[in-house]
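Visitor: Just model00.tsv, nothing more (TSV, C-alpha atoms):
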```
chain	number	residue	atom	x	y	z
O	1	MET	CA	0.00	0.00	0.00
O	2	THR	CA	1.29	3.46	-0.87
O	3	SER	CA	2.41	5.52	2.11
O	4	PRO	CA	0.01	8.41	2.81
O	5	LEU	CA	3.08	10.66	2.84
O	6	LEU	CA	3.74	9.84	-0.82
O	7	LEU	CA	0.28	10.74	-2.10
O	8	PRO	CA	-0.10	14.00	-4.05
O	9	TYR	CA	-1.66	16.94	-2.26
O	10	ASP	CA	-4.18	19.21	-3.97
O	11	GLY	CA	-5.04	21.91	-1.46
O	12	PRO	CA	-6.59	25.36	-1.69
O	13	HIS	CA	-3.23	27.03	-2.36
O	14	LEU	CA	-0.67	24.22	-2.60
O	15	LYS	CA	-0.49	21.59	-5.34
O	16	LEU	CA	2.30	19.23	-4.33
O	17	PRO	CA	3.66	15.88	-5.57
O	18	ASN	CA	3.78	14.43	-2.05
O	19	ARG	CA	2.91	15.31	1.55
O	20	ILE	CA	6.47	15.41	2.87
O	21	ALA	CA	7.61	18.88	3.91
O	22	MET	CA	11.17	19.83	4.73
O	23	ALA	CA	11.02	21.62	8.06
O	24	PRO	CA	12.94	24.86	8.63
O	25	MET	CA	16.37	24.16	10.13
O	26	THR	CA	19.08	26.60	11.10
O	27	ARG	CA	22.37	25.79	9.35
O	28	GLY	CA	24.45	28.94	10.06
O	29	ARG	CA	26.25	29.07	6.72
O	30	ALA	CA	25.43	32.56	5.41
O	31	ASP	CA	28.06	35.29	5.22
O	32	ASP	CA	27.95	36.62	8.77
O	33	ALA	CA	28.90	40.17	7.84
O	34	THR	CA	26.31	40.61	5.10
O	35	GLY	CA	23.59	38.07	5.86
O	36	VAL	CA	23.77	36.87	2.24
O	37	PRO	CA	23.39	33.12	1.61
O	38	ARG	CA	26.45	31.56	0.00
O	39	PRO	CA	26.35	29.60	-3.29
O	40	LEU	CA	26.38	26.28	-1.41
O	41	THR	CA	22.94	27.17	-0.05
O	42	ALA	CA	21.42	26.90	-3.53
O	43	GLU	CA	22.97	23.47	-3.95
O	44	TYR	CA	21.75	22.37	-0.50
O	45	TYR	CA	18.10	23.24	-1.14
O	46	ALA	CA	18.10	22.03	-4.75
O	47	GLN	CA	19.33	18.62	-3.55
O	48	ARG	CA	16.17	18.42	-1.42
O	49	ALA	CA	13.70	19.68	-4.05
O	50	THR	CA	11.81	16.36	-4.15
O	51	ALA	CA	10.17	17.36	-0.87
O	52	GLY	CA	6.57	18.32	-1.50
O	53	LEU	CA	7.34	21.64	0.18
O	54	ILE	CA	10.61	23.14	1.41
O	55	VAL	CA	10.54	25.69	4.23
O	56	THR	CA	13.90	27.40	4.54
O	57	GLU	CA	15.97	28.02	7.62
O	58	GLY	CA	14.87	31.06	9.57
O	59	ILE	CA	15.70	34.38	7.88
O	60	TRP	CA	15.78	37.62	9.84
O	61	PRO	CA	13.40	40.44	8.83
O	62	ASP	CA	15.38	42.87	11.01
O	63	VAL	CA	19.03	42.54	12.01
O	64	ILE	CA	18.08	43.11	15.69
O	65	GLY	CA	16.27	39.77	15.37
O	66	LYS	CA	19.33	37.84	14.18
O	67	GLY	CA	19.85	34.83	16.41
O	68	GLY	CA	23.47	33.87	15.88
O	69	PRO	CA	26.48	33.62	13.58
O	70	GLY	CA	25.82	32.84	9.93
O	71	ILE	CA	22.08	33.50	10.00
O	72	PRO	CA	20.81	35.00	6.70
O	73	GLY	CA	18.62	38.05	6.25
O	74	LEU	CA	16.08	39.28	3.71
O	75	VAL	CA	16.16	43.06	4.00
O	76	ASP	CA	18.42	44.35	1.21
O	77	ASP	CA	19.09	43.80	-2.48
O	78	ALA	CA	22.21	41.70	-1.94
O	79	GLN	CA	20.27	39.29	0.27
O	80	VAL	CA	17.40	39.19	-2.23
O	81	ASP	CA	19.86	38.36	-5.01
O	82	GLY	CA	21.44	35.63	-2.90
O	83	TRP	CA	18.08	34.03	-2.21
O	84	ARG	CA	17.05	34.37	-5.86
O	85	ALA	CA	19.87	31.96	-6.74
O	86	VAL	CA	18.38	29.52	-4.23
O	87	THR	CA	14.81	29.74	-5.52
O	88	GLU	CA	15.93	29.42	-9.14
O	89	ALA	CA	17.89	26.26	-8.31
O	90	VAL	CA	14.96	24.73	-6.42
O	91	HIS	CA	12.46	25.58	-9.15
O	92	ALA	CA	14.79	24.17	-11.82
O	93	ALA	CA	14.76	20.93	-9.86
O	94	GLY	CA	10.94	20.95	-9.71
O	95	GLY	CA	10.53	22.04	-6.11
O	96	THR	CA	8.34	24.45	-4.13
O	97	ILE	CA	10.00	26.66	-1.50
O	98	PHE	CA	8.75	29.04	1.20
O	99	ALA	CA	11.01	31.42	3.15
O	100	GLN	CA	10.68	31.31	6.92
O	101	LEU	CA	10.74	34.77	8.52
O	102	TRP	CA	12.30	34.54	11.98
O	103	HIS	CA	12.79	37.28	14.59
O	104	VAL	CA	14.32	35.75	17.71
O	105	GLY	CA	13.52	38.55	20.18
O	106	ARG	CA	15.40	37.89	23.42
O	107	MET	CA	17.03	34.71	22.06
O	108	THR	CA	20.22	36.45	20.94
O	109	HIS	CA	23.14	38.38	22.43
O	110	PRO	CA	24.97	41.68	21.84
O	111	LEU	CA	27.86	39.66	20.37
O	112	ASN	CA	25.49	38.58	17.58
O	113	LEU	CA	24.14	42.06	16.84
O	114	PRO	CA	25.57	45.14	15.09
O	115	GLY	CA	27.28	47.55	17.45
O	116	GLY	CA	26.73	45.22	20.41
O	117	ALA	CA	23.04	46.16	20.55
O	118	THR	CA	20.90	44.86	23.39
O	119	PRO	CA	18.34	42.25	22.30
O	120	VAL	CA	14.71	43.33	22.32
O	121	ALA	CA	11.65	41.50	23.63
O	122	PRO	CA	8.09	42.17	24.74
O	123	SER	CA	9.32	42.60	28.33
O	124	PRO	CA	12.74	42.66	30.06
O	125	VAL	CA	12.64	38.99	31.09
O	126	ARG	CA	16.03	37.27	30.98
O	127	ILE	CA	16.65	33.62	30.09
O	128	GLU	CA	18.33	32.11	33.14
O	129	GLY	CA	19.13	28.56	32.01
O	130	GLU	CA	20.87	27.44	28.83
O	131	PRO	CA	23.59	29.73	27.40
O	132	ILE	CA	23.33	31.41	24.01
O	133	TYR	CA	25.72	30.62	21.14
O	134	THR	CA	27.77	33.50	19.73
O	135	CYS	CA	30.86	34.03	17.59
O	136	GLU	CA	32.81	33.77	20.86
O	137	GLY	CA	31.13	30.51	21.89
O	138	ASP	CA	28.49	29.93	24.54
O	139	VAL	CA	27.82	32.85	26.88
O	140	ASP	CA	25.15	33.77	29.41
O	141	HIS	CA	22.06	35.60	28.23
O	142	VAL	CA	21.59	39.30	28.89
O	143	THR	CA	18.39	40.97	30.00
O	144	PRO	CA	16.56	42.14	26.87
O	145	ARG	CA	15.22	45.63	26.42
O	146	ALA	CA	11.43	45.97	26.30
O	147	MET	CA	10.25	47.13	22.88
O	148	THR	CA	8.29	50.35	22.81
O	149	THR	CA	4.86	50.27	21.22
O	150	ALA	CA	6.32	52.03	18.18
O	151	GLU	CA	9.12	49.44	17.95
O	152	ALA	CA	6.63	46.58	18.07
O	153	GLU	CA	4.66	48.24	15.27
O	154	ALA	CA	7.90	48.72	13.30
O	155	ALA	CA	8.70	45.01	13.76
O	156	VAL	CA	5.31	44.15	12.24
O	157	ALA	CA	6.15	46.34	9.24
O	158	GLY	CA	9.54	44.63	9.03
O	159	PHE	CA	7.94	41.22	8.62
O	160	ALA	CA	5.77	42.59	5.80
O	161	ALA	CA	8.74	44.19	4.04
O	162	ALA	CA	10.75	40.96	4.28
O	163	ALA	CA	7.80	39.05	2.82
O	164	ARG	CA	7.77	41.44	-0.12
O	165	ASN	CA	11.50	40.81	-0.56
O	166	ALA	CA	10.89	37.06	-0.45
O	167	VAL	CA	8.49	37.32	-3.38
O	168	ARG	CA	11.04	39.49	-5.21
O	169	ALA	CA	13.58	36.71	-4.62
O	170	GLY	CA	11.27	34.17	-6.23
O	171	PHE	CA	9.95	32.33	-3.19
O	172	ASP	CA	6.57	30.66	-3.59
O	173	GLY	CA	5.52	32.03	-0.22
O	174	VAL	CA	6.63	32.77	3.33
O	175	GLU	CA	6.22	31.11	6.69
O	176	VAL	CA	5.93	33.35	9.75
O	177	HIS	CA	7.83	31.75	12.65
O	178	GLY	CA	5.57	31.98	15.68
O	179	ALA	CA	7.01	28.99	17.53
O	180	ASN	CA	9.86	27.72	19.72
O	181	GLY	CA	10.06	30.64	22.13
O	182	TYR	CA	11.05	33.34	19.64
O	183	LEU	CA	9.63	36.85	19.39
O	184	ILE	CA	6.06	36.06	18.36
O	185	GLN	CA	5.67	33.36	21.01
O	186	GLN	CA	7.30	35.70	23.54
O	187	PHE	CA	4.37	38.05	22.90
O	188	LEU	CA	1.88	35.16	23.24
O	189	ALA	CA	3.21	33.71	26.52
O	190	GLU	CA	2.27	35.10	29.91
O	191	ASN	CA	5.73	34.72	31.45
O	192	THR	CA	7.50	36.73	28.74
O	193	ASN	CA	4.80	39.34	28.03
O	194	ARG	CA	4.20	41.63	30.99
O	195	ARG	CA	3.16	44.63	28.92
O	196	THR	CA	0.29	46.98	29.59
O	197	ASP	CA	-0.01	48.57	26.12
O	198	ARG	CA	-2.08	47.19	23.20
O	199	PHE	CA	0.39	44.30	22.83
O	200	GLY	CA	-0.17	42.89	26.32
O	201	GLY	CA	-2.24	42.93	29.50
O	202	SER	CA	-4.89	40.42	28.39
O	203	ARG	CA	-5.22	37.45	26.07
O	204	ALA	CA	-6.41	39.76	23.31
O	205	GLY	CA	-3.39	41.97	23.90
O	206	ARG	CA	-0.95	39.06	23.91
O	207	LEU	CA	-2.44	37.84	20.63
O	208	ARG	CA	-2.20	41.25	18.97
O	209	PHE	CA	1.44	41.09	17.79
O	210	ALA	CA	1.02	37.65	16.18
O	211	LEU	CA	-2.21	38.70	14.50
O	212	ASP	CA	-0.78	42.01	13.30
O	213	VAL	CA	2.26	40.26	11.80
O	214	VAL	CA	0.26	37.63	9.93
O	215	GLU	CA	-2.32	40.13	8.72
O	216	ALA	CA	0.38	42.57	7.55
O	217	VAL	CA	2.28	39.85	5.70
O	218	ALA	CA	-0.92	38.55	4.11
O	219	ALA	CA	-1.86	42.06	3.01
O	220	GLU	CA	1.59	42.48	1.45
O	221	VAL	CA	1.90	39.24	-0.53
O	222	GLY	CA	-1.57	37.66	-0.44
O	223	PRO	CA	-2.87	35.21	2.19
O	224	GLY	CA	-2.42	32.24	-0.16
O	225	ARG	CA	1.34	32.78	0.04
O	226	VAL	CA	1.51	32.89	3.86
O	227	GLY	CA	1.97	30.10	6.38
O	228	LEU	CA	2.26	30.34	10.17
O	229	ARG	CA	4.26	28.02	12.41
O	230	ILE	CA	3.25	27.63	16.06
O	231	SER	CA	4.24	25.36	18.96
O	232	PRO	CA	1.56	25.51	21.65
O	233	ASP	CA	2.62	24.53	25.17
O	234	ASN	CA	6.26	24.33	24.08
O	235	PRO	CA	8.61	25.08	27.01
O	236	GLU	CA	11.59	25.64	24.70
O	237	ASN	CA	13.65	28.74	25.47
O	238	GLU	CA	11.93	29.12	28.87
O	239	ILE	CA	8.43	29.82	27.57
O	240	ALA	CA	5.57	29.12	30.00
O	241	GLU	CA	2.01	29.36	28.65
O	242	GLN	CA	-0.63	29.18	31.37
O	243	ASP	CA	-3.57	28.44	29.06
O	244	PRO	CA	-2.26	27.20	25.70
O	245	GLN	CA	-5.65	25.84	24.67
O	246	GLY	CA	-7.38	29.18	25.19
O	247	THR	CA	-4.56	31.16	23.57
O	248	TYR	CA	-4.19	29.04	20.46
O	249	ARG	CA	-7.88	28.39	19.91
O	250	ALA	CA	-8.38	32.16	19.86
O	251	LEU	CA	-5.40	32.62	17.52
O	252	VAL	CA	-6.56	29.95	15.08
O	253	ASP	CA	-10.19	31.04	15.16
O	254	THR	CA	-9.16	34.60	14.25
O	255	LEU	CA	-6.76	33.60	11.46
O	256	ASP	CA	-8.74	30.78	9.83
O	257	PRO	CA	-11.04	33.10	7.84
O	258	LEU	CA	-8.03	34.78	6.18
O	259	GLY	CA	-7.47	31.75	3.92
O	260	LEU	CA	-3.74	31.33	4.59
O	261	ALA	CA	-1.59	28.86	2.69
O	262	TYR	CA	-1.18	26.68	5.78
O	263	LEU	CA	-0.85	26.35	9.52
O	264	HIS	CA	2.29	24.48	10.68
O	265	ILE	CA	1.89	23.00	14.18
O	266	ILE	CA	4.75	21.61	16.27
O	267	GLU	CA	3.29	19.09	18.74
O	268	ARG	CA	5.04	19.61	22.09
O	269	GLY	CA	3.98	19.42	25.72
O	270	ALA	CA	0.86	17.88	27.17
O	271	TYR	CA	-1.73	20.03	25.39
O	272	GLY	CA	-2.30	17.88	22.27
O	273	ALA	CA	-2.44	20.80	19.84
O	274	LEU	CA	-2.88	18.83	16.62
O	275	ALA	CA	-6.01	17.03	17.79
O	276	ASP	CA	-7.46	20.14	19.40
O	277	LEU	CA	-6.79	22.64	16.61
O	278	ARG	CA	-7.31	20.46	13.52
O	279	PRO	CA	-11.13	20.82	13.61
O	280	ARG	CA	-10.80	24.60	13.95
O	281	TRP	CA	-8.57	25.03	10.87
O	282	SER	CA	-10.27	24.75	7.49
O	283	GLY	CA	-7.12	25.08	5.37
O	284	THR	CA	-3.95	23.08	4.91
O	285	LEU	CA	-2.35	21.87	8.13
O	286	ILE	CA	1.27	20.69	8.43
O	287	GLY	CA	2.16	18.54	11.44
O	288	ASN	CA	5.53	18.20	13.15
O	289	PHE	CA	6.85	16.35	16.21
O	290	ASN	CA	9.95	18.22	17.38
O	291	GLY	CA	11.29	15.86	20.02
O	292	PRO	CA	14.80	14.90	21.15
O	293	GLU	CA	15.02	12.24	18.45
O	294	PRO	CA	14.30	12.66	14.71
O	295	THR	CA	10.64	12.00	13.93
O	296	SER	CA	10.06	8.62	12.30
O	297	ARG	CA	8.40	8.04	8.98
O	298	GLU	CA	5.76	5.97	10.80
O	299	ALA	CA	4.80	8.85	13.09
O	300	GLY	CA	4.30	11.15	10.11
O	301	GLU	CA	2.31	8.51	8.24
O	302	GLN	CA	0.02	8.01	11.22
O	303	ALA	CA	-0.66	11.73	11.60
O	304	VAL	CA	-1.60	12.07	7.92
O	305	ALA	CA	-3.53	8.80	7.78
O	306	VAL	CA	-5.86	9.74	10.64
O	307	GLY	CA	-6.34	13.30	9.39
O	308	LEU	CA	-4.43	15.19	12.08
O	309	ALA	CA	-2.37	16.77	9.29
O	310	ASP	CA	-2.46	17.14	5.52
O	311	LEU	CA	1.33	17.29	5.26
O	312	PHE	CA	4.06	16.31	7.69
O	313	SER	CA	7.42	18.04	8.08
O	314	PHE	CA	10.74	16.36	8.78
O	315	GLY	CA	13.85	18.22	9.86
O	316	ARG	CA	16.92	16.24	10.86
O	317	LEU	CA	16.08	13.40	8.47
O	318	PHE	CA	16.28	15.88	5.59
O	319	ILE	CA	19.69	17.14	6.70
O	320	SER	CA	21.29	13.74	6.17
O	321	ASN	CA	18.96	12.42	3.46
O	322	PRO	CA	18.59	14.87	0.59
O	323	ASP	CA	16.38	12.36	-1.27
O	324	LEU	CA	14.17	11.51	1.70
O	325	PRO	CA	10.94	10.91	-0.32
O	326	ALA	CA	12.75	8.37	-2.54
O	327	ARG	CA	14.11	6.60	0.53
O	328	PHE	CA	10.63	6.40	2.03
O	329	GLU	CA	9.22	5.12	-1.26
O	330	GLY	CA	11.86	2.43	-1.62
O	331	ASP	CA	12.09	1.53	2.08
O	332	ALA	CA	15.78	2.35	1.74
O	333	PRO	CA	18.13	2.80	4.70
O	334	LEU	CA	18.73	6.31	5.96
O	335	ASN	CA	22.07	8.08	6.19
O	336	ALA	CA	23.28	8.68	9.75
O	337	HIS	CA	22.80	12.20	11.10
O	338	VAL	CA	26.00	13.94	12.31
O	339	PRO	CA	24.92	16.57	14.89
O	340	GLU	CA	28.31	18.27	15.18
O	341	LEU	CA	28.14	19.26	11.48
O	342	VAL	CA	24.72	20.93	11.62
O	343	TYR	CA	25.75	24.52	12.39
O	344	GLY	CA	28.31	26.55	10.48
O	345	GLY	CA	31.17	25.29	8.36
O	346	GLY	CA	31.18	24.56	4.66
O	347	ALA	CA	30.23	21.66	2.41
O	348	GLU	CA	30.87	18.90	4.95
O	349	GLY	CA	27.63	17.88	6.60
O	350	TYR	CA	25.75	20.23	4.29
O	351	VAL	CA	25.83	19.16	0.64
O	352	ASP	CA	27.93	15.98	0.86
O	353	TYR	CA	25.34	13.53	2.22
O	354	PRO	CA	24.91	10.90	-0.53
O	355	ALA	CA	21.70	10.28	-2.42
O	356	LEU	CA	20.63	6.78	-3.38
O	357	ALA	CA	22.45	5.27	-6.32
O	358	PRO	CA	20.26	5.38	-9.45
O	359	GLN	CA	18.51	2.16	-10.33
O	360	ARG	CA	19.89	0.37	-13.41
```
Once more with this new file: its structure as structure tokens, please.
Guide:
Amino acid sequence: MTSPLLLPYDGPHLKLPNRIAMAPMTRGRADDATGVPRPLTAEYYAQRATAGLIVTEGIWPDVIGKGGPGIPGLVDDAQVDGWRAVTEAVHAAGGTIFAQLWHVGRMTHPLNLPGGATPVAPSPVRIEGEPIYTCEGDVDHVTPRAMTTAEAEAAVAGFAAAARNAVRAGFDGVEVHGANGYLIQQFLAENTNRRTDRFGGSRAGRLRFALDVVEAVAAEVGPGRVGLRISPDNPENEIAEQDPQGTYRALVDTLDPLGLAYLHIIERGAYGALADLRPRWSGTLIGNFNGPEPTSREAGEQAVAVGLADLFSFGRLFISNPDLPARFEGDAPLNAHVPELVYGGGAEGYVDYPALAPQR
């Protein structure tokens, strides 16, 4: 029987050859001074163009939201030109590719930012646990500076401008990163949003930044070119959401009528977001299980087979298996993942993982 992951998908905005998405994964290989992706990046994504949908690594829409060394941007012509080489290579290989727009908020450090700037966040709440990676190695977090209302509004406009640049660069669409404890989820979560302006103070206030970003991006490039990634009840990066069900039901109920390209849900914590939110989302839904071990093919197949998701995204398996759909189709063995080669560096661990030998 054909795997449900290998069936074509004919959705409202996406027509795809299979239901396997390549999840966004930071690789840290852009030029750190300019934020421009290097030529190897085009090769990397083109190798993986048999995915039904590729979502790129996170790309900053504002340099103050840059999370670490080698993270690319999408704010100037040089960056647009660099990404255009990537989209042309993917399209030549028959693929579909969305750019993920990623502002990290407090999850960065002055060593990562121009002029040693202080990171910004909804409120001045410092991460106390895990260190942050910088060009000088792991260091302790600093206390972020609370964004003014005007700065929050400017960040919304920055997402929209980056989305416009993504379309200029040839991307098929953009994914707004609202997950994993970065800026948008920092606005959503009670422990990181202690504001009293229109972007805080109540559930409606905590939702406002996420809604404004998605609505502004959709107005800029069209809702059918916009996806949103969320991770309800995800404690990553010291996020604590007191009522994830109430928060994310309200978010999804507000956004569903816009007719977005998709909703991308990371299943973490005890909430059970996929089962709870699936009936509330009328469009395409992408599932993901972001646990300590790479998600198995069987887990993705089960989620699609029972209707929890229309597509399923794989991350680490795509790093080491550029031809992952073919390996699933042929029940072929998978290349071993080498964690120490994920971030930074050059071709090793990036474009040198072997594909299956062609059948004679």
Visitor: Show me as a PyMOL selection string the residues that reach within 12 Å of (8.8, 43.7, 7.9), counting only C-alpha atoms and using the file's own coordinates.
Guide: chain O and resi 59-63+65+73-76+101-103+151-166+176+212-221
Visitor: Please write the residues from the selection above to a file, keeping C-alpha atoms, as a PDB file, in the frame of the given file.
Guide:
```pdb
ATOM      1  CA  ILE O  59      15.700  34.380   7.880  1.00  0.00           C
ATOM      2  CA  TRP O  60      15.780  37.620   9.840  1.00  0.00           C
ATOM      3  CA  PRO O  61      13.400  40.440   8.830  1.00  0.00           C
ATOM      4  CA  ASP O  62      15.380  42.870  11.010  1.00  0.00           C
ATOM      5  CA  VAL O  63      19.030  42.540  12.010  1.00  0.00           C
ATOM      6  CA  GLY O  65      16.270  39.770  15.370  1.00  0.00           C
ATOM      7  CA  GLY O  73      18.620  38.050   6.250  1.00  0.00           C
ATOM      8  CA  LEU O  74      16.080  39.280   3.710  1.00  0.00           C
ATOM      9  CA  VAL O  75      16.160  43.060   4.000  1.00  0.00           C
ATOM     10  CA  ASP O  76      18.420  44.350   1.210  1.00  0.00           C
ATOM     11  CA  LEU O 101      10.740  34.770   8.520  1.00  0.00           C
ATOM     12  CA  TRP O 102      12.300  34.540  11.980  1.00  0.00           C
ATOM     13  CA  HIS O 103      12.790  37.280  14.590  1.00  0.00           C
ATOM     14  CA  GLU O 151       9.120  49.440  17.950  1.00  0.00           C
ATOM     15  CA  ALA O 152       6.630  46.580  18.070  1.00  0.00           C
ATOM     16  CA  GLU O 153       4.660  48.240  15.270  1.00  0.00           C
ATOM     17  CA  ALA O 154       7.900  48.720  13.300  1.00  0.00           C
ATOM     18  CA  ALA O 155       8.700  45.010  13.760  1.00  0.00           C
ATOM     19  CA  VAL O 156       5.310  44.150  12.240  1.00  0.00           C
ATOM     20  CA  ALA O 157       6.150  46.340   9.240  1.00  0.00           C
ATOM     21  CA  GLY O 158       9.540  44.630   9.030  1.00  0.00           C
ATOM     22  CA  PHE O 159       7.940  41.220   8.620  1.00  0.00           C
ATOM     23  CA  ALA O 160       5.770  42.590   5.800  1.00  0.00           C
ATOM     24  CA  ALA O 161       8.740  44.190   4.040  1.00  0.00           C
ATOM     25  CA  ALA O 162      10.750  40.960   4.280  1.00  0.00           C
ATOM     26  CA  ALA O 163       7.800  39.050   2.820  1.00  0.00           C
ATOM     27  CA  ARG O 164       7.770  41.440  -0.120  1.00  0.00           C
ATOM     28  CA  ASN O 165      11.500  40.810  -0.560  1.00  0.00           C
ATOM     29  CA  ALA O 166      10.890  37.060  -0.450  1.00  0.00           C
ATOM     30  CA  VAL O 176       5.930  33.350   9.750  1.00  0.00           C
ATOM     31  CA  ASP O 212      -0.780  42.010  13.300  1.00  0.00           C
ATOM     32  CA  VAL O 213       2.260  40.260  11.800  1.00  0.00           C
ATOM     33  CA  VAL O 214       0.260  37.630   9.930  1.00  0.00           C
ATOM     34  CA  GLU O 215      -2.320  40.130   8.720  1.00  0.00           C
ATOM     35  CA  ALA O 216       0.380  42.570   7.550  1.00  0.00           C
ATOM     36  CA  VAL O 217       2.280  39.850   5.700  1.00  0.00           C
ATOM     37  CA  ALA O 218      -0.920  38.550   4.110  1.00  0.00           C
ATOM     38  CA  ALA O 219      -1.860  42.060   3.010  1.00  0.00           C
ATOM     39  CA  GLU O 220       1.590  42.480   1.450  1.00  0.00           C
ATOM     40  CA  VAL O 221       1.900  39.240  -0.530  1.00  0.00           C
TER      41      VAL O 221
END
```
Visitor: Restrict the calculation to all atoms listed in the file, then for each residue of segment 90-121 of chain O with any atom at most 10 Å from an atom of segment 140-150 of chain O give the closest atom pair and their distance in Å to one decimal, rows by chain and rising residue number, as a tab-separated table.
Guide:
```
residue	atom	partner	partner_atom	distance
O:Gly105	CA	O:Pro144	CA	8.2
O:Arg106	CA	O:Pro144	CA	5.6
O:Met107	CA	O:His141	CA	8.0
O:Thr108	CA	O:His141	CA	7.6
O:His109	CA	O:His141	CA	6.5
O:Pro110	CA	O:Val142	CA	8.2
O:Ala117	CA	O:Arg145	CA	9.8
O:Thr118	CA	O:Pro144	CA	6.2
O:Pro119	CA	O:Pro144	CA	4.9
O:Val120	CA	O:Arg145	CA	4.7
O:Ala121	CA	O:Ala146	CA	5.2
```
Visitor: Tell me which of O:Ile132, O:Leu255, O:Val125, O:Ala273 sits closest to Pro223 of chain O, counting only C-alpha atoms.
Guide: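 Once distances to Pro223 of chain O are computed over only C-alpha atoms, the minimum belongs to O:Leu255.
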Visitor: With only C-alpha atoms as the basis for distance, which of O:Arg48, O:Arg229, O:His91, O:Arg195 is at the shortest distance from Pro325 of chain O?
Guide: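 The closest residue to Pro325 of chain O is O:Arg48.
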Visitor: Please identify all polymer residues within 9 Å of Glu241 of chain O, counting all atoms listed in the file, omitting same-chain residues fewer than 3 positions from it, and present them as a compact mmCIF listing (two decimals) with C-alpha atoms, keeping the file's coordinate frame.
Guide:
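Now in selection-v7.txt:
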```txt
# COMPACT_ATOMS: atom_id res chain seq x y z
CA LEU O 188 1.88 35.16 23.24
CA ALA O 189 3.21 33.71 26.52
CA GLU O 190 2.27 35.10 29.91
CA ASN O 191 5.73 34.72 31.45
CA PRO O 232 1.56 25.51 21.65
CA ASP O 233 2.62 24.53 25.17
CA ASN O 234 6.26 24.33 24.08
CA PRO O 235 8.61 25.08 27.01
CA PRO O 244 -2.26 27.20 25.70
CA THR O 247 -4.56 31.16 23.57
```
Visitor: As number ranges by chain, please: the residues near Asp77 of chain O (cut-off 10 Å, all atoms listed in the file, same-chain neighbours under 6 positions excluded).
Guide: O: 36, 83, 165, 168-169
Visitor: One number please: atom CA of Ile71 of chain O to atom CA of Gly28 of chain O, in Å, one decimal.
Guide: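 Straight-line distance from atom CA of Ile71 of chain O to atom CA of Gly28 of chain O works out to 5.1 Å.
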Visitor: Closest to Val80 of chain O among O:Ile127, O:Leu16, O:Val139, O:Val167, using only C-alpha atoms?
Guide: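 Smallest distance to Val80 of chain O is found for O:Val167.
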Visitor: Quick one: distance from atom CA of Glu130 of chain O to atom CA of Thr26 of chain O in Å, one decimal?
Guide: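 These two atoms are separated by 17.8 Å.
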Visitor: Applying 9 Å and all atoms listed in the file, which residues near Gly315 of chain O remain after dropping the ones on its own chain fewer than 6 positions away? List them as a list of chain:residue names.
Guide: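 Surrounding residues, per the criterion: O:Ala21, O:Met22, O:Ala23, O:Pro24, O:Met25, O:Asn288, O:Asn290, O:Pro294, O:Thr295.
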Visitor: Using all atoms listed in the file, which of the listed residues (O:Thr192, O:Thr2, O:Arg198, O:Gly52) sits closest to Lys15 of chain O?
Guide: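 Of O:Thr192, O:Thr2, O:Arg198, O:Gly52, the one nearest Lys15 of chain O, counting all atoms listed in the file, is O:Gly52.
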Visitor: Taking the partial coordinates given, rebuild segment 195-205 of chain O to contain N, CA and C atoms; return it as a PDB file, keeping the file's coordinate frame.
Guide:
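Generated file (part_31.pdb):
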```pdb
ATOM      1  N   ARG O 195       3.457  43.290  29.415  1.00  0.00           N
ATOM      2  CA  ARG O 195       3.160  44.630  28.920  1.00  0.00           C
ATOM      3  C   ARG O 195       1.779  45.100  29.361  1.00  0.00           C
ATOM      4  N   THR O 196       1.599  46.408  29.291  1.00  0.00           N
ATOM      5  CA  THR O 196       0.290  46.980  29.590  1.00  0.00           C
ATOM      6  C   THR O 196      -0.246  47.811  28.425  1.00  0.00           C
ATOM      7  N   ASP O 197       0.484  47.842  27.288  1.00  0.00           N
ATOM      8  CA  ASP O 197      -0.010  48.570  26.120  1.00  0.00           C
ATOM      9  C   ASP O 197      -0.907  47.648  25.291  1.00  0.00           C
ATOM     10  N   ARG O 198      -1.164  47.983  24.027  1.00  0.00           N
ATOM     11  CA  ARG O 198      -2.080  47.190  23.200  1.00  0.00           C
ATOM     12  C   ARG O 198      -1.520  45.813  22.862  1.00  0.00           C
ATOM     13  N   PHE O 199      -0.223  45.589  23.109  1.00  0.00           N
ATOM     14  CA  PHE O 199       0.390  44.300  22.830  1.00  0.00           C
ATOM     15  C   PHE O 199       0.514  43.425  24.081  1.00  0.00           C
ATOM     16  N   GLY O 200      -0.234  43.709  25.110  1.00  0.00           N
ATOM     17  CA  GLY O 200      -0.170  42.890  26.320  1.00  0.00           C
ATOM     18  C   GLY O 200      -1.342  43.176  27.244  1.00  0.00           C
ATOM     19  N   GLY O 201      -1.251  42.637  28.467  1.00  0.00           N
ATOM     20  CA  GLY O 201      -2.240  42.930  29.500  1.00  0.00           C
ATOM     21  C   GLY O 201      -3.429  42.008  29.551  1.00  0.00           C
ATOM     22  N   SER O 202      -3.750  41.330  28.454  1.00  0.00           N
ATOM     23  CA  SER O 202      -4.890  40.420  28.390  1.00  0.00           C
ATOM     24  C   SER O 202      -4.592  39.404  27.289  1.00  0.00           C
ATOM     25  N   ARG O 203      -5.428  38.389  27.172  1.00  0.00           N
ATOM     26  CA  ARG O 203      -5.220  37.450  26.070  1.00  0.00           C
ATOM     27  C   ARG O 203      -5.302  38.168  24.729  1.00  0.00           C
ATOM     28  N   ALA O 204      -6.284  39.031  24.579  1.00  0.00           N
ATOM     29  CA  ALA O 204      -6.410  39.760  23.310  1.00  0.00           C
ATOM     30  C   ALA O 204      -5.162  40.588  23.041  1.00  0.00           C
ATOM     31  N   GLY O 205      -4.608  41.189  24.079  1.00  0.00           N
ATOM     32  CA  GLY O 205      -3.390  41.970  23.900  1.00  0.00           C
ATOM     33  C   GLY O 205      -2.200  41.107  23.551  1.00  0.00           C
TER      34      GLY O 205
END
```
